[in-house]
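So this one's target-v9.cif, mmCIF, C-alpha atoms:
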```
data_start
loop_
_atom_site.label_atom_id
_atom_site.label_comp_id
_atom_site.auth_asym_id
_atom_site.auth_seq_id
_atom_site.Cartn_x
_atom_site.Cartn_y
_atom_site.Cartn_z
CA MET A 1 0.00 0.00 0.00
CA LYS A 2 2.84 2.40 0.88
CA LYS A 3 4.49 1.62 -2.46
CA LEU A 4 1.23 2.40 -4.27
CA VAL A 5 0.83 5.72 -2.43
CA PHE A 6 4.44 6.63 -3.17
CA THR A 7 4.03 5.79 -6.88
CA LEU A 8 0.83 7.83 -7.20
CA SER A 9 2.46 10.77 -5.40
CA ALA A 10 5.48 10.63 -7.69
CA LEU A 11 3.28 10.57 -10.79
CA GLY A 12 1.32 13.54 -9.43
CA LEU A 13 4.49 15.56 -8.83
CA LEU A 14 5.80 14.68 -12.30
CA ASN A 15 2.55 15.78 -13.91
CA ALA A 16 2.54 19.04 -11.92
CA SER A 17 6.14 19.67 -12.98
CA GLN A 18 5.30 19.10 -16.62
CA CYS A 19 2.30 21.43 -16.42
CA ALA A 20 4.38 24.14 -14.76
CA HIS A 21 7.07 23.78 -17.43
CA ALA A 22 4.45 24.05 -20.19
CA GLN A 23 3.09 27.24 -18.63
CA THR A 24 6.48 28.90 -18.28
CA SER A 25 7.70 27.85 -21.72
CA GLY A 26 4.40 28.70 -23.41
CA VAL A 27 4.41 25.71 -25.79
CA THR A 28 1.22 25.06 -27.76
CA VAL A 29 0.36 22.02 -29.84
CA TYR A 30 -2.13 22.77 -32.63
CA GLY A 31 -3.33 21.36 -35.90
CA VAL A 32 -5.97 20.78 -38.55
CA ILE A 33 -7.51 17.60 -39.91
CA ASP A 34 -9.47 18.19 -43.12
CA MET A 35 -11.07 15.28 -45.01
CA SER A 36 -13.47 15.38 -47.93
CA LEU A 37 -15.31 13.11 -50.33
CA VAL A 38 -14.57 14.39 -53.83
CA TYR A 39 -16.14 13.83 -57.25
CA ALA A 40 -14.17 15.05 -60.29
CA SER A 41 -15.79 14.78 -63.71
CA LYS A 42 -12.68 14.42 -65.91
CA VAL A 43 -9.31 13.09 -64.75
CA GLY A 44 -6.34 11.53 -66.52
CA ALA A 45 -5.65 10.40 -70.06
CA GLY A 46 -9.18 9.13 -70.67
CA ASN A 47 -10.93 12.09 -69.04
CA ASN A 48 -12.77 9.64 -66.80
CA SER A 49 -14.73 10.62 -63.69
CA ARG A 50 -13.23 9.84 -60.29
CA VAL A 51 -14.47 9.59 -56.71
CA SER A 52 -11.86 9.93 -53.98
CA VAL A 53 -11.27 10.65 -50.31
CA ASP A 54 -8.95 13.66 -50.11
CA SER A 55 -7.03 15.34 -47.33
CA GLY A 56 -6.60 19.08 -47.12
CA ASP A 57 -8.67 20.31 -50.06
CA ALA A 58 -10.20 23.13 -47.99
CA MET A 59 -7.36 23.53 -45.49
CA ALA A 60 -4.11 21.58 -45.48
CA SER A 61 -4.02 18.94 -42.74
CA ARG A 62 -1.19 19.73 -40.33
CA ILE A 63 0.23 19.44 -36.85
CA GLY A 64 2.39 22.11 -35.28
CA PHE A 65 4.22 23.30 -32.20
CA ARG A 66 4.41 26.96 -31.26
CA GLY A 67 6.38 28.37 -28.35
CA ARG A 68 7.17 31.68 -26.67
CA GLU A 69 9.48 32.65 -23.82
CA GLU A 70 9.39 36.12 -22.31
CA LEU A 71 12.91 37.53 -22.05
CA GLY A 72 12.03 40.83 -20.35
CA GLY A 73 11.72 44.38 -21.57
CA GLY A 74 8.99 43.43 -24.03
CA LEU A 75 11.27 40.99 -25.90
CA ALA A 76 10.35 37.33 -26.39
CA ALA A 77 11.97 34.31 -28.01
CA ILE A 78 9.60 32.39 -30.30
CA PHE A 79 9.61 29.25 -32.40
CA GLN A 80 7.21 27.40 -34.68
CA LEU A 81 7.46 23.92 -36.19
CA GLU A 82 4.70 22.73 -38.53
CA ASN A 83 4.32 19.49 -40.48
CA GLY A 84 1.86 18.86 -43.29
CA PHE A 85 0.38 15.39 -43.73
CA SER A 86 -2.24 13.53 -45.72
CA ALA A 87 -4.98 12.53 -43.32
CA ASP A 88 -6.45 10.00 -45.76
CA ASP A 89 -3.35 7.76 -45.71
CA GLY A 90 -1.14 9.18 -42.95
CA ALA A 91 1.71 10.08 -45.30
CA MET A 92 3.90 13.15 -44.91
CA ALA A 93 2.95 15.94 -47.29
CA THR A 94 6.60 16.33 -48.34
CA PRO A 95 8.51 13.02 -48.09
CA GLY A 96 11.83 13.51 -46.32
CA SER A 97 10.87 16.87 -44.77
CA LEU A 98 9.56 16.60 -41.23
CA PHE A 99 8.55 20.26 -40.83
CA ASP A 100 7.83 21.13 -44.45
CA ARG A 101 5.27 23.86 -43.73
CA LYS A 102 7.28 25.89 -41.23
CA SER A 103 10.48 25.63 -39.22
CA VAL A 104 11.49 28.94 -37.63
CA VAL A 105 13.01 30.50 -34.55
CA GLY A 106 13.00 34.21 -33.82
CA LEU A 107 12.57 37.24 -31.61
CA SER A 108 9.45 39.34 -31.09
CA GLY A 109 9.34 42.81 -29.54
CA HIS A 110 7.69 46.21 -29.58
CA VAL A 111 8.87 47.06 -33.11
CA GLY A 112 8.06 43.73 -34.74
CA THR A 113 9.02 40.09 -35.21
CA LEU A 114 12.10 38.52 -36.85
CA THR A 115 12.02 34.85 -37.84
CA ILE A 116 14.69 32.63 -39.40
CA GLY A 117 14.25 29.31 -41.19
CA ARG A 118 11.74 27.79 -43.62
CA GLN A 119 8.63 29.95 -44.02
CA THR A 120 6.22 31.71 -46.34
CA ASP A 121 6.58 35.30 -47.50
CA TYR A 122 3.93 38.04 -47.12
CA LEU A 123 2.02 37.00 -50.25
CA GLU A 124 0.34 34.26 -48.20
CA GLU A 125 -1.07 36.91 -45.81
CA ILE A 126 -2.46 38.78 -48.82
CA GLY A 127 -4.03 35.56 -50.12
CA LEU A 128 -5.60 34.74 -46.75
CA GLN A 129 -7.30 38.13 -46.58
CA TYR A 130 -8.15 39.04 -50.17
CA SER A 131 -8.42 35.91 -52.33
CA SER A 132 -10.55 32.75 -52.65
CA PHE A 133 -7.88 30.95 -50.61
CA GLN A 134 -9.54 32.21 -47.41
CA ILE A 135 -12.88 30.46 -48.06
CA PHE A 136 -12.24 27.64 -50.56
CA GLY A 137 -8.80 26.54 -49.38
CA GLY A 138 -5.46 26.19 -51.10
CA GLY A 139 -6.19 22.70 -52.44
CA GLY A 140 -9.29 23.94 -54.23
CA VAL A 141 -7.91 27.15 -55.80
CA ARG A 142 -4.15 26.56 -56.15
CA ALA A 143 -4.35 25.46 -59.78
CA GLY A 144 -6.58 28.43 -60.59
CA HIS A 145 -3.91 30.75 -59.22
CA PHE A 146 -1.38 29.96 -61.94
CA ASN A 147 -0.62 26.66 -60.21
CA SER A 148 0.42 28.64 -57.10
CA LEU A 149 3.17 30.57 -58.85
CA ASP A 150 1.59 33.79 -57.57
CA ARG A 151 2.33 32.34 -54.10
CA LEU A 152 -1.01 33.41 -52.59
CA THR A 153 -1.81 29.88 -51.39
CA GLY A 154 1.39 29.54 -49.37
CA ALA A 155 4.72 28.79 -51.05
CA ARG A 156 7.76 28.25 -48.80
CA THR A 157 11.35 29.44 -48.95
CA SER A 158 14.06 27.67 -46.96
CA ASN A 159 17.06 29.40 -45.36
CA SER A 160 15.19 32.69 -45.11
CA LEU A 161 14.83 35.78 -42.91
CA ARG A 162 11.51 37.54 -42.41
CA PHE A 163 10.75 40.72 -40.47
CA ASP A 164 7.18 41.84 -39.78
CA THR A 165 6.50 45.21 -38.19
CA ALA A 166 4.16 45.63 -35.27
CA ASP A 167 0.69 46.98 -36.04
CA ILE A 168 0.88 50.79 -36.25
CA ASP A 169 -2.63 52.26 -36.41
CA GLY A 170 -3.76 49.51 -38.78
CA PHE A 171 -0.57 49.39 -40.88
CA THR A 172 1.76 46.39 -40.99
CA GLY A 173 4.77 45.77 -43.21
CA SER A 174 7.07 42.87 -44.03
CA LEU A 175 10.56 42.31 -45.46
CA PHE A 176 11.82 38.93 -46.69
CA TYR A 177 15.18 37.55 -47.81
CA GLY A 178 16.14 34.03 -48.86
CA PHE A 179 19.76 32.91 -48.90
CA GLY A 180 20.78 30.93 -51.96
CA GLU A 181 23.69 29.34 -50.08
CA VAL A 182 25.64 28.70 -53.30
CA ALA A 183 29.40 28.98 -52.78
CA GLY A 184 31.08 31.54 -54.99
CA LYS A 185 27.86 33.11 -56.29
CA THR A 186 25.78 34.94 -53.71
CA SER A 187 22.99 35.76 -56.18
CA ALA A 188 22.34 32.10 -57.07
CA GLY A 189 19.14 30.91 -55.41
CA GLN A 190 18.44 34.28 -53.76
CA ALA A 191 14.92 35.44 -52.99
CA PHE A 192 13.52 38.86 -52.02
CA GLY A 193 10.12 39.93 -50.80
CA VAL A 194 8.30 42.98 -49.47
CA GLY A 195 4.70 43.55 -48.42
CA ALA A 196 2.35 45.89 -46.59
CA ASN A 197 -1.22 45.95 -45.41
CA TYR A 198 -3.58 48.60 -44.06
CA ARG A 199 -6.84 47.83 -42.29
CA ARG A 200 -9.28 50.37 -40.92
CA GLY A 201 -12.79 49.56 -39.78
CA ASN A 202 -14.58 47.40 -42.36
CA ALA A 203 -12.03 47.90 -45.13
CA GLY A 204 -8.57 46.56 -45.88
CA ILE A 205 -6.01 46.86 -48.65
CA GLY A 206 -2.65 45.16 -49.08
CA ALA A 207 0.09 44.38 -51.57
CA ALA A 208 3.19 42.20 -51.75
CA TYR A 209 6.03 41.43 -54.14
CA TYR A 210 8.40 38.45 -54.38
CA GLN A 211 11.18 37.44 -56.71
CA SER A 212 13.56 34.49 -56.82
CA LYS A 213 16.66 33.53 -58.79
CA LEU A 214 17.91 30.28 -60.23
CA ALA A 215 20.13 28.26 -57.89
CA ALA A 216 21.79 26.33 -60.73
CA ASP A 217 22.44 26.66 -64.45
CA THR A 218 19.50 25.63 -66.65
CA PRO A 219 20.82 26.42 -70.15
CA PRO A 220 20.44 28.84 -71.75
CA SER A 221 19.80 30.51 -68.37
CA SER A 222 22.46 30.72 -65.67
CA ALA A 223 22.49 30.49 -61.88
CA GLY A 224 21.62 33.90 -60.48
CA ASP A 225 19.23 34.83 -63.30
CA THR A 226 15.83 35.99 -62.04
CA ASP A 227 13.37 33.15 -62.57
CA LEU A 228 10.17 34.47 -60.95
CA LYS A 229 8.65 37.89 -60.28
CA THR A 230 5.19 38.08 -58.75
CA PHE A 231 3.12 40.93 -57.37
CA THR A 232 -0.40 41.01 -55.85
CA LEU A 233 -2.73 43.83 -54.89
CA GLY A 234 -5.82 42.94 -52.85
CA ALA A 235 -8.68 44.62 -51.00
CA SER A 236 -11.79 43.70 -49.02
CA TYR A 237 -14.83 45.37 -47.50
CA GLN A 238 -17.25 44.07 -44.86
CA ALA A 239 -20.73 45.18 -45.95
CA GLY A 240 -22.98 43.97 -43.16
CA PRO A 241 -23.01 40.15 -43.26
CA ALA A 242 -21.11 40.04 -46.57
CA LYS A 243 -17.35 40.18 -46.89
CA LEU A 244 -16.46 41.27 -50.44
CA PHE A 245 -12.90 40.71 -51.66
CA ALA A 246 -10.80 41.05 -54.80
CA ALA A 247 -7.17 40.43 -55.75
CA TRP A 248 -5.07 40.95 -58.86
CA SER A 249 -1.77 39.14 -59.34
CA GLN A 250 0.83 39.47 -62.07
CA VAL A 251 3.45 36.76 -62.50
CA ARG A 252 6.49 36.96 -64.78
CA ARG A 253 8.87 34.12 -65.75
CA PRO A 254 11.94 35.85 -67.28
CA THR A 255 13.83 32.59 -67.96
CA GLN A 256 10.92 30.85 -69.73
CA GLN A 257 12.06 29.99 -73.26
CA PRO A 258 9.85 30.03 -76.41
CA LEU A 259 7.80 26.87 -76.72
CA ALA A 260 8.73 24.46 -79.49
CA ALA A 261 5.37 22.69 -79.35
CA SER A 262 2.42 24.25 -81.18
CA GLY A 263 -0.30 22.31 -79.32
CA LEU A 264 -1.77 22.57 -75.84
CA VAL A 265 0.71 23.19 -73.02
CA ALA A 266 0.56 23.76 -69.26
CA ILE A 267 -0.44 27.30 -68.41
CA THR A 268 2.71 27.60 -66.28
CA SER A 269 4.71 27.51 -69.54
CA ALA A 270 3.68 31.16 -69.96
CA THR A 271 6.16 34.02 -69.75
CA ARG A 272 3.59 36.21 -68.00
CA ALA A 273 0.19 35.74 -66.39
CA ASN A 274 -2.45 37.94 -64.81
CA VAL A 275 -4.75 36.37 -62.21
CA PHE A 276 -8.04 38.00 -61.18
CA ASP A 277 -9.91 36.71 -58.12
CA VAL A 278 -13.18 38.17 -56.79
CA GLY A 279 -15.62 36.70 -54.30
CA VAL A 280 -17.93 36.96 -51.32
CA ASP A 281 -18.36 35.29 -47.93
CA TYR A 282 -21.95 35.88 -46.80
CA ALA A 283 -22.83 35.01 -43.20
CA MET A 284 -26.47 33.97 -43.02
CA ASN A 285 -25.98 33.68 -39.26
CA ALA A 286 -23.20 32.84 -36.81
CA ARG A 287 -23.03 29.24 -38.08
CA LEU A 288 -23.96 29.24 -41.78
CA HIS A 289 -21.90 30.90 -44.52
CA LEU A 290 -22.65 31.08 -48.25
CA LEU A 291 -19.53 31.30 -50.43
CA GLY A 292 -18.83 32.29 -54.02
CA SER A 293 -15.89 33.37 -56.18
CA VAL A 294 -14.48 33.59 -59.70
CA ILE A 295 -10.79 33.13 -60.57
CA HIS A 296 -9.55 34.01 -64.06
CA ASP A 297 -6.02 33.39 -65.39
CA ARG A 298 -4.83 35.14 -68.55
CA ALA A 299 -1.43 33.91 -69.71
CA ASP A 300 0.96 34.97 -72.48
CA LEU A 301 2.69 32.11 -74.32
CA SER A 302 5.94 32.61 -76.22
CA ARG A 303 6.03 30.34 -79.29
CA ALA A 304 9.00 29.39 -81.45
CA SER A 305 6.63 28.41 -84.24
CA GLY A 306 2.85 28.38 -84.70
CA GLY A 307 0.23 28.07 -82.02
CA ALA A 308 -1.87 30.15 -79.67
CA THR A 309 0.00 32.91 -77.85
CA ARG A 310 -2.67 33.56 -75.24
CA GLY A 311 -4.24 31.01 -72.90
CA HIS A 312 -7.07 31.32 -70.38
CA THR A 313 -8.53 29.43 -67.44
CA THR A 314 -11.64 30.38 -65.49
CA GLN A 315 -12.75 28.77 -62.24
CA LEU A 316 -16.22 29.28 -60.74
CA ASN A 317 -16.72 28.32 -57.07
CA VAL A 318 -19.83 28.16 -54.88
CA GLY A 319 -20.16 26.62 -51.44
CA ILE A 320 -21.86 26.30 -48.07
CA ASP A 321 -19.93 26.18 -44.81
CA TYR A 322 -21.67 25.21 -41.57
CA PHE A 323 -19.83 25.72 -38.27
CA PHE A 324 -20.81 23.34 -35.49
CA SER A 325 -18.35 25.27 -33.31
CA LYS A 326 -15.31 27.53 -33.68
CA ARG A 327 -13.18 24.45 -34.29
CA THR A 328 -15.40 22.12 -36.35
CA ASP A 329 -17.23 22.78 -39.62
CA LEU A 330 -18.93 20.84 -42.41
CA TYR A 331 -18.67 22.18 -45.96
CA ALA A 332 -20.02 21.46 -49.44
CA MET A 333 -18.36 23.09 -52.43
CA ALA A 334 -18.80 22.95 -56.20
CA SER A 335 -16.26 24.22 -58.73
CA ARG A 336 -16.05 24.37 -62.51
CA GLN A 337 -12.70 24.92 -64.20
CA SER A 338 -12.64 25.72 -67.92
CA ALA A 339 -9.59 26.25 -70.12
CA SER A 340 -8.91 27.76 -73.53
CA ASP A 341 -5.73 27.15 -75.59
CA VAL A 342 -3.97 25.54 -72.60
CA LEU A 343 -4.29 22.24 -70.75
CA ASN A 344 -6.87 22.38 -67.99
CA PRO A 345 -4.87 22.33 -64.72
CA GLY A 346 -7.82 20.83 -62.80
CA VAL A 347 -9.46 22.16 -59.65
CA ILE A 348 -7.90 20.07 -56.90
CA SER A 349 -4.30 20.40 -55.72
CA ALA A 350 -1.48 21.32 -58.13
CA ALA A 351 0.92 19.92 -60.74
CA TYR A 352 -2.00 18.62 -62.85
CA SER A 353 -2.35 15.61 -60.53
CA SER A 354 -6.17 15.45 -60.87
CA ALA A 355 -6.67 17.22 -64.19
CA PRO A 356 -8.20 16.50 -67.60
CA ALA A 357 -5.85 15.41 -70.38
CA ASP A 358 -6.76 18.39 -72.58
CA ASP A 359 -8.64 21.68 -72.35
CA SER A 360 -11.97 20.07 -71.43
CA SER A 361 -13.92 21.68 -68.62
CA GLN A 362 -13.90 19.91 -65.26
CA ASN A 363 -16.59 19.87 -62.57
CA VAL A 364 -15.66 19.05 -58.97
CA LEU A 365 -17.93 18.48 -55.97
CA ARG A 366 -16.54 18.33 -52.42
CA ILE A 367 -18.23 17.45 -49.13
CA GLY A 368 -15.85 17.66 -46.21
CA LEU A 369 -15.37 17.85 -42.49
CA ARG A 370 -12.67 20.05 -40.91
CA HIS A 371 -11.54 20.06 -37.29
CA LYS A 372 -9.01 22.40 -35.73
CA PHE A 373 -7.29 21.65 -32.44
#
```

Mind turning the file's structure into structure tokens?
Amino acid sequence: MKKLVFTLSALGLLNASQCAHAQTSGVTVYGVIDMSLVYASKVGAGNNSRVSVDSGDAMASRIGFRGREELGGGLAAIFQLENGFSADDGAMATPGSLFDRKSVVGLSGHVGTLTIGRQTDYLEEIGLQYSSFQIFGGGGVRAGHFNSLDRLTGARTSNSLRFDTADIDGFTGSLFYGFGEVAGKTSAGQAFGVGANYRRGNAGIGAAYYQSKLAADTPPSSAGDTDLKTFTLGASYQAGPAKLFAAWSQVRRPTQQPLAASGLVAITSATRANVFDVGVDYAMNARLHLLGSVIHDRADLSRASGGATRGHTTQLNVGIDYFFSKRTDLYAMASRQSASDVLNPGVISAAYSSAPADDSSQNVLRIGLRHKF
């Protein structure tokens, strides 16, 4: 009996110690599990319909750890580690990368926050406030946003520094730098970014720019040549129960060479693209939201011989989102992606993984359950 009492007392002290440590270190475990049943009308070489169970179509499934330690004088040490995974099969989102979504350490104070590691640039913040990403999720709009080359749905840069200012009367700004880490050529693999946002009352407006350079020679281009330039301007307005939003992105690919093929090609073969995204999130009440948006890509194609020099995609989205609580919601979404003079990139995910084999239109229906913890 004495041994039992001693064991229980020891376990109680250990648990109290762990709780106290968690409080002083300020470590939080969080995550999202998003699963949906998906119907896609045309997929693969035969343009056959497909029914699947998907993870992260509305919000990428993830688990993360966030910590903060107060250092005094308003300064705090912070860290964040976040891993993406596929909830339908348990696989890591990026094989071989444990914390593929975020891996940073930094300092936060009165003037702002500095983080170092693998992270997104400010374009993701613009996308989360002013594009369809905020209501239909990255998995459902990434292809419509020039296959994510405008970076609004959350593209990462490793070996990077990011500084975000504190909120100053509604204004926030951000600076971003990615180290190429190529010996003998500092410009190889470099990345730069800058962004700003202003919010006052029911209205907001923001903009961000990002560019990156080649890390290695890809003849005829050389390491250090600028490979991507992307800029987005977005705005929103809360009109009663309706949040109206709009964003315009321009993406340039300076190293993209003229296309030898004269037939249909991926839209990301373009030298320049403009992406227009407008939508609304209408709150019927505290639990039920009606959603709608249109995303239009207009891309310029450089051809070595004959063929179309302008391609288009248009994605129409409608949906219903019902919140059982702040952490759990059930959604139903329908999307139609049409293409002209380019291969249809498909609605779901990226890299044409669930796309038609040509420029046929694709219809996608999603019914999903999302839980945040």

As a check of understanding, name the residues that the PyMOL selection byres ((chain A and resi 222) around 12) selects in the supplied structure, as an NGL selection string. :A and (185 or 187-189 or 213-221 or 223-227 or 254-255)

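Minimum distance to A:Gly346 across A:Ile168, A:Leu107, A:Ala266, A:Ala93 (counting only C-alpha atoms) occurs at A:Ala266.
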
Please write as a PyMOL selection string the full residue list that the PyMOL selection byres ((chain A and resi 305-310) around 12) yields on this file. chain A and resi 258-267+269-274+297-304+311-313+339-342

Evaluating the PyMOL selection byres ((chain A and resi 103) around 9) on the displayed file yields which residues, as a ChimeraX atom specification? /A:79-83,99-102,104-105,116-119,158

Rounded to one decimal, what separation in Å do you get between atom CA of A:Leu123 and atom CA of A:Arg151?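 Here the two named atoms are 6.1 Å from each other.
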
Report, in Å with one decimal, the straight-line distance from atom CA of A:Gly46 to atom CA of A:Gln337. 17.4 Å

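Between atom CA of A:Ser212 and atom CA of A:Leu149 lies a distance of 11.3 Å.
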
Considering all atoms listed in the file, can you say which of A:Thr153, A:Thr94, A:Ser353, A:Gln315 comes closest to A:Leu128? A:Thr153

Top pick for closest residue to A:Gly109, considering A:Asp169, A:Asp89, A:Asp164, A:Asp150 and counting all atoms listed in the file: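 Of A:Asp169, A:Asp89, A:Asp164, A:Asp150, the one nearest A:Gly109 is A:Asp164, counting all atoms listed in the file.
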